[in-house]
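A.B. asks: Just query-v1.cif, nothing more (mmCIF, C-alpha atoms):
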```cif
data_my_file
#
loop_
_atom_site.group_PDB
_atom_site.id
_atom_site.type_symbol
_atom_site.label_atom_id
_atom_site.label_comp_id
_atom_site.auth_asym_id
_atom_site.auth_seq_id
_atom_site.Cartn_x
_atom_site.Cartn_y
_atom_site.Cartn_z
ATOM 1 C CA MET A 1 -18.805 -4.696 -22.216
ATOM 2 C CA LYS A 2 -20.277 -6.312 -19.119
ATOM 3 C CA GLY A 3 -19.045 -9.696 -20.314
ATOM 4 C CA LEU A 4 -15.522 -8.377 -20.682
ATOM 5 C CA LYS A 5 -15.528 -7.158 -17.103
ATOM 6 C CA LEU A 6 -16.670 -10.525 -15.824
ATOM 7 C CA VAL A 7 -13.908 -12.311 -17.736
ATOM 8 C CA SER A 8 -11.314 -9.887 -16.391
ATOM 9 C CA LEU A 9 -12.520 -10.335 -12.821
ATOM 10 C CA SER A 10 -12.554 -14.111 -13.161
ATOM 11 C CA ALA A 11 -9.021 -14.132 -14.539
ATOM 12 C CA ALA A 12 -7.798 -11.989 -11.670
ATOM 13 C CA LEU A 13 -9.317 -14.381 -9.159
ATOM 14 C CA VAL A 14 -7.336 -17.366 -10.430
ATOM 15 C CA LEU A 15 -4.073 -15.633 -11.339
ATOM 16 C CA PRO A 16 -1.274 -17.275 -9.307
ATOM 17 C CA PHE A 17 1.133 -15.031 -7.440
ATOM 18 C CA THR A 18 4.028 -16.419 -9.513
ATOM 19 C CA ALA A 19 2.564 -14.741 -12.591
ATOM 20 C CA ILE A 20 3.736 -11.355 -11.328
ATOM 21 C CA ALA A 21 6.744 -10.042 -13.219
ATOM 22 C CA GLU A 22 10.051 -11.245 -11.856
ATOM 23 C CA ALA A 23 11.183 -7.617 -11.576
ATOM 24 C CA THR A 24 8.825 -7.049 -8.643
ATOM 25 C CA ASP A 25 9.943 -9.804 -6.273
ATOM 26 C CA SER A 26 12.274 -7.283 -4.619
ATOM 27 C CA PHE A 27 10.995 -4.468 -2.416
ATOM 28 C CA SER A 28 13.939 -2.235 -3.328
ATOM 29 C CA LYS A 29 13.263 -2.816 -7.041
ATOM 30 C CA ALA A 30 9.571 -2.153 -6.490
ATOM 31 C CA LYS A 31 10.259 1.257 -4.940
ATOM 32 C CA LYS A 32 12.562 2.143 -7.817
ATOM 33 C CA LEU A 33 9.948 1.088 -10.360
ATOM 34 C CA MET A 34 7.349 3.268 -8.661
ATOM 35 C CA MET A 35 9.623 6.295 -8.896
ATOM 36 C CA GLU A 36 10.736 5.695 -12.471
ATOM 37 C CA LYS A 37 7.752 4.057 -14.176
ATOM 38 C CA VAL A 38 4.664 5.209 -12.305
ATOM 39 C CA TYR A 39 5.162 8.487 -10.420
ATOM 40 C CA PHE A 40 7.756 10.109 -12.700
ATOM 41 C CA ASP A 41 5.338 12.889 -13.691
ATOM 42 C CA HIS A 42 2.967 12.825 -10.697
ATOM 43 C CA ARG A 43 5.175 13.184 -7.645
ATOM 44 C CA GLU A 44 2.480 13.691 -5.020
ATOM 45 C CA THR A 45 1.900 11.819 -1.769
ATOM 46 C CA LEU A 46 -1.248 9.826 -1.108
ATOM 47 C CA TYR A 47 -2.508 11.301 2.143
ATOM 48 C CA CYS A 48 -1.398 14.911 2.183
ATOM 49 C CA GLY A 49 -0.863 15.879 -1.451
ATOM 50 C CA ALA A 50 2.732 16.905 -0.708
ATOM 51 C CA THR A 51 5.038 17.099 -3.707
ATOM 52 C CA PHE A 52 8.466 15.496 -3.873
ATOM 53 C CA ASP A 53 11.409 15.585 -6.269
ATOM 54 C CA GLU A 54 13.547 12.893 -7.909
ATOM 55 C CA ASN A 55 15.703 12.820 -4.763
ATOM 56 C CA LYS A 56 12.631 12.088 -2.594
ATOM 57 C CA ARG A 57 12.748 15.498 -0.912
ATOM 58 C CA ILE A 58 9.342 16.681 0.272
ATOM 59 C CA THR A 59 7.727 20.075 -0.216
ATOM 60 C CA PHE A 60 5.059 20.327 2.473
ATOM 61 C CA PRO A 61 1.569 21.593 1.688
ATOM 62 C CA VAL A 62 0.650 24.856 3.398
ATOM 63 C CA GLY A 63 -0.271 24.234 7.028
ATOM 64 C CA PHE A 64 1.284 20.787 7.347
ATOM 65 C CA GLN A 65 2.919 20.153 10.700
ATOM 66 C CA THR A 66 4.197 17.258 12.767
ATOM 67 C CA GLU A 67 5.641 17.002 16.250
ATOM 68 C CA LYS A 68 7.073 13.510 15.760
ATOM 69 C CA HIS A 69 9.482 11.954 13.265
ATOM 70 C CA VAL A 70 10.587 15.383 12.093
ATOM 71 C CA LYS A 71 13.607 14.064 10.189
ATOM 72 C CA ARG A 72 11.542 11.434 8.383
ATOM 73 C CA ALA A 73 9.043 14.119 7.428
ATOM 74 C CA LYS A 74 11.574 15.647 5.050
ATOM 75 C CA ARG A 75 11.601 12.664 2.708
ATOM 76 C CA VAL A 76 9.055 10.573 0.882
ATOM 77 C CA GLU A 77 8.688 6.913 1.834
ATOM 78 C CA TRP A 78 6.860 4.108 0.022
ATOM 79 C CA GLU A 79 4.096 2.921 2.308
ATOM 80 C CA HIS A 80 2.298 -0.401 2.224
ATOM 81 C CA VAL A 81 -1.328 0.743 2.411
ATOM 82 C CA VAL A 82 -2.174 -2.785 3.529
ATOM 83 C CA PRO A 83 0.592 -3.038 6.148
ATOM 84 C CA ALA A 84 3.212 -5.724 5.533
ATOM 85 C CA GLU A 85 2.615 -7.037 9.044
ATOM 86 C CA ASN A 86 -1.066 -7.623 8.304
ATOM 87 C CA PHE A 87 -0.250 -10.238 5.674
ATOM 88 C CA GLY A 88 3.249 -11.052 6.920
ATOM 89 C CA ARG A 89 1.968 -12.775 10.037
ATOM 90 C CA THR A 90 0.207 -15.337 7.855
ATOM 91 C CA PHE A 91 3.680 -16.711 7.030
ATOM 92 C CA SER A 92 5.313 -19.146 9.460
ATOM 93 C CA GLU A 93 8.696 -17.547 8.715
ATOM 94 C CA TRP A 94 7.427 -14.250 10.114
ATOM 95 C CA ARG A 95 5.883 -15.832 13.205
ATOM 96 C CA ASP A 96 8.350 -18.596 14.010
ATOM 97 C CA GLY A 97 11.494 -18.098 11.963
ATOM 98 C CA HIS A 98 13.183 -20.514 9.547
ATOM 99 C CA PRO A 99 16.401 -22.569 9.502
ATOM 100 C CA ASN A 100 17.812 -20.161 6.892
ATOM 101 C CA CYS A 101 17.167 -17.143 9.113
ATOM 102 C CA VAL A 102 20.386 -16.978 11.089
ATOM 103 C CA ASP A 103 22.624 -13.892 11.224
ATOM 104 C CA SER A 104 26.411 -13.716 10.950
ATOM 105 C CA LYS A 105 26.738 -14.300 14.697
ATOM 106 C CA GLY A 106 24.633 -17.438 14.594
ATOM 107 C CA LYS A 107 21.562 -15.838 16.147
ATOM 108 C CA ALA A 108 18.180 -16.847 14.742
ATOM 109 C CA PHE A 109 15.741 -14.146 13.690
ATOM 110 C CA LYS A 110 12.148 -13.983 12.500
ATOM 111 C CA GLY A 111 9.655 -11.303 11.444
ATOM 112 C CA ARG A 112 9.798 -9.301 8.213
ATOM 113 C CA ASN A 113 13.454 -10.017 7.515
ATOM 114 C CA CYS A 114 13.031 -13.770 7.810
ATOM 115 C CA ALA A 115 9.864 -13.863 5.702
ATOM 116 C CA SER A 116 11.621 -11.835 3.024
ATOM 117 C CA LYS A 117 14.691 -14.072 3.101
ATOM 118 C CA ALA A 118 12.986 -17.448 3.194
ATOM 119 C CA ASN A 119 9.641 -17.145 1.380
ATOM 120 C CA LYS A 120 9.260 -16.019 -2.225
ATOM 121 C CA GLU A 121 5.501 -15.575 -1.954
ATOM 122 C CA TYR A 122 6.030 -13.065 0.825
ATOM 123 C CA ARG A 123 8.522 -11.169 -1.327
ATOM 124 C CA TYR A 124 5.929 -10.869 -4.074
ATOM 125 C CA MET A 125 3.316 -9.628 -1.637
ATOM 126 C CA GLN A 126 5.533 -6.979 -0.042
ATOM 127 C CA SER A 127 6.661 -5.818 -3.495
ATOM 128 C CA ASP A 128 3.217 -5.622 -5.125
ATOM 129 C CA LEU A 129 3.173 -2.219 -6.783
ATOM 130 C CA TYR A 130 -0.562 -1.705 -6.346
ATOM 131 C CA ASN A 131 -0.075 -1.664 -2.568
ATOM 132 C CA LEU A 132 2.748 0.911 -2.576
ATOM 133 C CA TYR A 133 2.063 4.640 -2.274
ATOM 134 C CA PRO A 134 4.303 7.633 -1.605
ATOM 135 C CA ALA A 135 3.804 9.174 1.829
ATOM 136 C CA ILE A 136 5.502 11.800 3.938
ATOM 137 C CA GLY A 137 7.858 9.810 6.154
ATOM 138 C CA ALA A 138 6.338 11.093 9.375
ATOM 139 C CA VAL A 139 2.829 10.146 8.242
ATOM 140 C CA ASN A 140 4.014 6.683 7.279
ATOM 141 C CA ALA A 141 5.711 6.278 10.667
ATOM 142 C CA MET A 142 2.694 7.387 12.700
ATOM 143 C CA ARG A 143 0.176 5.433 10.643
ATOM 144 C CA SER A 144 2.302 2.342 11.467
ATOM 145 C CA ASN A 145 0.277 -0.848 10.909
ATOM 146 C CA TYR A 146 -2.965 0.584 12.330
ATOM 147 C CA ASN A 147 -6.292 -0.266 10.718
ATOM 148 C CA PHE A 148 -8.474 2.372 9.118
ATOM 149 C CA THR A 149 -11.741 3.536 10.599
ATOM 150 C CA MET A 150 -13.901 6.659 11.034
ATOM 151 C CA LEU A 151 -12.790 9.077 13.760
ATOM 152 C CA PRO A 152 -15.292 11.952 13.580
ATOM 153 C CA ASP A 153 -14.354 13.480 16.953
ATOM 154 C CA VAL A 154 -10.562 13.331 16.564
ATOM 155 C CA LYS A 155 -8.430 16.250 15.393
ATOM 156 C CA SER A 156 -5.862 16.058 12.625
ATOM 157 C CA ALA A 157 -2.435 14.781 13.627
ATOM 158 C CA PHE A 158 -0.738 16.824 10.895
ATOM 159 C CA GLY A 159 -2.273 20.269 10.799
ATOM 160 C CA SER A 160 -3.848 20.963 7.410
ATOM 161 C CA CYS A 161 -3.343 17.333 6.338
ATOM 162 C CA LEU A 162 -6.466 15.769 7.809
ATOM 163 C CA VAL A 163 -5.117 12.375 8.836
ATOM 164 C CA LYS A 164 -6.526 11.420 12.244
ATOM 165 C CA ILE A 165 -4.883 8.941 14.604
ATOM 166 C CA ASP A 166 -6.284 7.677 17.882
ATOM 167 C CA ASN A 167 -6.011 4.492 19.943
ATOM 168 C CA ARG A 168 -4.142 2.600 17.216
ATOM 169 C CA LYS A 169 -6.712 3.520 14.573
ATOM 170 C CA VAL A 170 -6.428 5.903 11.607
ATOM 171 C CA GLU A 171 -8.857 7.885 9.503
ATOM 172 C CA PRO A 172 -7.158 8.981 6.257
ATOM 173 C CA THR A 173 -7.938 12.051 4.187
ATOM 174 C CA ILE A 174 -11.097 12.061 2.092
ATOM 175 C CA GLU A 175 -8.986 12.268 -1.075
ATOM 176 C CA SER A 176 -7.244 8.987 -0.258
ATOM 177 C CA LYS A 177 -10.161 6.848 0.952
ATOM 178 C CA GLY A 178 -11.216 5.496 -2.436
ATOM 179 C CA GLN A 179 -7.679 4.520 -3.431
ATOM 180 C CA ILE A 180 -7.131 2.879 -0.053
ATOM 181 C CA ALA A 181 -10.364 0.895 -0.342
ATOM 182 C CA ARG A 182 -9.595 -0.425 -3.808
ATOM 183 C CA THR A 183 -6.099 -1.394 -2.683
ATOM 184 C CA TYR A 184 -7.423 -3.398 0.276
ATOM 185 C CA LEU A 185 -10.022 -5.122 -1.902
ATOM 186 C CA TYR A 186 -7.352 -5.930 -4.491
ATOM 187 C CA MET A 187 -4.927 -7.398 -1.956
ATOM 188 C CA GLU A 188 -7.600 -9.638 -0.449
ATOM 189 C CA GLN A 189 -8.674 -10.863 -3.877
ATOM 190 C CA ARG A 190 -5.142 -11.247 -5.205
ATOM 191 C CA TYR A 191 -3.666 -13.155 -2.263
ATOM 192 C CA PRO A 192 -6.029 -15.730 -0.700
ATOM 193 C CA ARG A 193 -3.945 -15.960 2.480
ATOM 194 C CA TYR A 194 -4.818 -12.323 3.324
ATOM 195 C CA LYS A 195 -8.268 -11.718 4.804
ATOM 196 C CA MET A 196 -9.777 -8.533 6.184
ATOM 197 C CA SER A 197 -12.025 -8.531 9.209
ATOM 198 C CA ARG A 198 -15.717 -8.166 8.425
ATOM 199 C CA SER A 199 -15.801 -4.587 9.742
ATOM 200 C CA GLN A 200 -12.729 -3.582 7.739
ATOM 201 C CA ARG A 201 -14.126 -5.131 4.554
ATOM 202 C CA ASN A 202 -17.475 -3.385 5.019
ATOM 203 C CA LEU A 203 -15.685 -0.063 5.465
ATOM 204 C CA MET A 204 -13.632 -0.609 2.323
ATOM 205 C CA LEU A 205 -16.687 -1.586 0.312
ATOM 206 C CA ALA A 206 -18.413 1.586 1.495
ATOM 207 C CA TRP A 207 -15.434 3.828 0.662
ATOM 208 C CA ASN A 208 -15.123 2.173 -2.727
ATOM 209 C CA LYS A 209 -18.687 3.242 -3.547
ATOM 210 C CA MET A 210 -18.489 6.672 -1.937
ATOM 211 C CA TYR A 211 -15.244 7.824 -3.560
ATOM 212 C CA PRO A 212 -15.084 7.091 -7.305
ATOM 213 C CA VAL A 213 -11.987 6.243 -9.305
ATOM 214 C CA SER A 214 -10.109 9.328 -10.511
ATOM 215 C CA ASP A 215 -8.251 9.891 -13.774
ATOM 216 C CA TRP A 216 -4.935 9.660 -11.921
ATOM 217 C CA GLU A 217 -5.937 6.412 -10.249
ATOM 218 C CA CYS A 218 -6.723 4.945 -13.674
ATOM 219 C CA LEU A 219 -3.446 6.159 -15.113
ATOM 220 C CA ARG A 220 -1.519 4.807 -12.126
ATOM 221 C CA ALA A 221 -3.197 1.404 -12.413
ATOM 222 C CA GLY A 222 -2.531 1.261 -16.144
ATOM 223 C CA ARG A 223 1.155 1.980 -15.657
ATOM 224 C CA ILE A 224 1.460 -0.623 -12.920
ATOM 225 C CA SER A 225 -0.322 -3.183 -15.090
ATOM 226 C CA LYS A 226 2.245 -2.704 -17.846
ATOM 227 C CA VAL A 227 5.136 -3.159 -15.408
ATOM 228 C CA GLN A 228 3.723 -5.890 -13.178
ATOM 229 C CA GLY A 229 1.572 -7.841 -15.620
ATOM 230 C CA ASN A 230 -1.776 -7.986 -13.787
ATOM 231 C CA GLU A 231 -4.715 -5.666 -13.127
ATOM 232 C CA ASN A 232 -6.435 -4.243 -10.107
ATOM 233 C CA VAL A 233 -9.917 -4.842 -11.473
ATOM 234 C CA PHE A 234 -11.499 -2.720 -8.733
ATOM 235 C CA VAL A 235 -9.866 0.206 -10.532
ATOM 236 C CA SER A 236 -9.594 -0.928 -14.146
ATOM 237 C CA GLU A 237 -13.266 -1.831 -14.534
ATOM 238 C CA HIS A 238 -14.049 1.882 -14.109
ATOM 239 C CA CYS A 239 -11.393 3.134 -16.526
ATOM 240 C CA GLY A 240 -11.441 3.751 -20.250
ATOM 241 C CA ALA A 241 -8.339 4.116 -22.403
ATOM 242 C CA HIS A 242 -5.789 5.728 -20.053
#
```
Do you think you could lay out the structure here as structure tokens?
C.D. replies:
Amino acid sequence: MKGLKLVSLSAALVLPFTAIAEATDSFSKAKKLMMEKVYFDHRETLYCGATFDENKRITFPVGFQTEKHVKRAKRVEWEHVVPAENFGRTFSEWRDGHPNCVDSKGKAFKGRNCASKANKEYRYMQSDLYNLYPAIGAVNAMRSNYNFTMLPDVKSAFGSCLVKIDNRKVEPTIESKGQIARTYLYMEQRYPRYKMSRSQRNLMLAWNKMYPVSDWECLRAGRISKVQGNENVFVSEHCGAH
């Protein structure tokens, strides 16, 4: 059994990004796949445990509240747990633009839209299903691209949903920390151009140990593997037949 895990991990380390299924090189397709193939019977958001229906309408948990992005709070959004900007800025198209990135008025553009238009590797990264989670729109908006940390003295930003935000840092709910950690570790392993800071990696390694893989996390990873064609070994090595 131990040998099998080592083989799986080794294979994941050398798997080229082009091996991902062609169906997931589009962010819009990726979101649709998550709704239809992964979360079809488990419509619950990552951070707050809010439920949502097939039309993406949110039912808030008791005690949830938000003072900002009230309209976005009513619908579920698919959040990049590792923010797109964090790996997007490793692409020259994001930072500097590209000759193909010119709008209908002849004006050059850069950033996310240019990276998505001009670089296929970026499209695979932003569409990686393992990095996409459903979130209440307001939570997604306020989390922004902030890094995760511990904020013991900060109050919740969303009432009963204990997500804390302060000084461009976020502490997520206890229930989400393990999933977040294994997603960060996966993205760094899967895409060599993405690197965490030492402090962020140490935090993710700690959360990975502190918060074990759940049955749902195993089931989710198994479904994504069937659709996308690769594993998140940080999850799958802890799972049986799901």
A.B. asks: Contacts of Lys169 in chain A at 12 Å or less, counting only C-alpha atoms, minus same-chain residues fewer than 2 places along, as a ChimeraX atom specification?
C.D. replies: /A:142-151,154,163-167,171-172,200
A.B. asks: Tell me, in Å to one decimal, how far CA of His238 in chain A is from CA of Tyr191 in chain A.
C.D. replies: 21.8 Å
A.B. asks: Just the residues within 7 Å of Ala135 in chain A, please, counting all atoms listed in the file, with nothing from its chain fewer than 3 positions along; format it as a PyMOL selection string.
C.D. replies: chain A and resi 45-47+76-79+139-140
A.B. asks: Selection in question (the file shown): the PyMOL selection byres ((chain A and resi 85-93) around 8). Which residues does it include, as a JSON list (two decimals) with C-alpha atoms, keeping the file's coordinate frame?
C.D. replies:
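As a result, expr-v2.json now contains:
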```json
[["chain", "number", "residue", "atom", "x", "y", "z"],
["A", 82, "VAL", "CA", -2.17, -2.78, 3.53],
["A", 83, "PRO", "CA", 0.59, -3.04, 6.15],
["A", 84, "ALA", "CA", 3.21, -5.72, 5.53],
["A", 94, "TRP", "CA", 7.43, -14.25, 10.11],
["A", 95, "ARG", "CA", 5.88, -15.83, 13.20],
["A", 96, "ASP", "CA", 8.35, -18.60, 14.01],
["A", 97, "GLY", "CA", 11.49, -18.10, 11.96],
["A", 98, "HIS", "CA", 13.18, -20.51, 9.55],
["A", 110, "LYS", "CA", 12.15, -13.98, 12.50],
["A", 111, "GLY", "CA", 9.65, -11.30, 11.44],
["A", 112, "ARG", "CA", 9.80, -9.30, 8.21],
["A", 114, "CYS", "CA", 13.03, -13.77, 7.81],
["A", 115, "ALA", "CA", 9.86, -13.86, 5.70],
["A", 118, "ALA", "CA", 12.99, -17.45, 3.19],
["A", 119, "ASN", "CA", 9.64, -17.14, 1.38],
["A", 122, "TYR", "CA", 6.03, -13.06, 0.82],
["A", 145, "ASN", "CA", 0.28, -0.85, 10.91],
["A", 193, "ARG", "CA", -3.94, -15.96, 2.48],
["A", 194, "TYR", "CA", -4.82, -12.32, 3.32]]
```
A.B. asks: Do a neighbour search on Arg43 in chain A at 8 Å with only C-alpha atoms, toss out local chain neighbours closer than 3 positions, and write the hits as a list in words.
C.D. replies: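 Counting only the stated atoms, we get Tyr39, Phe40, Thr51, Phe52 and Asp53 of chain A.
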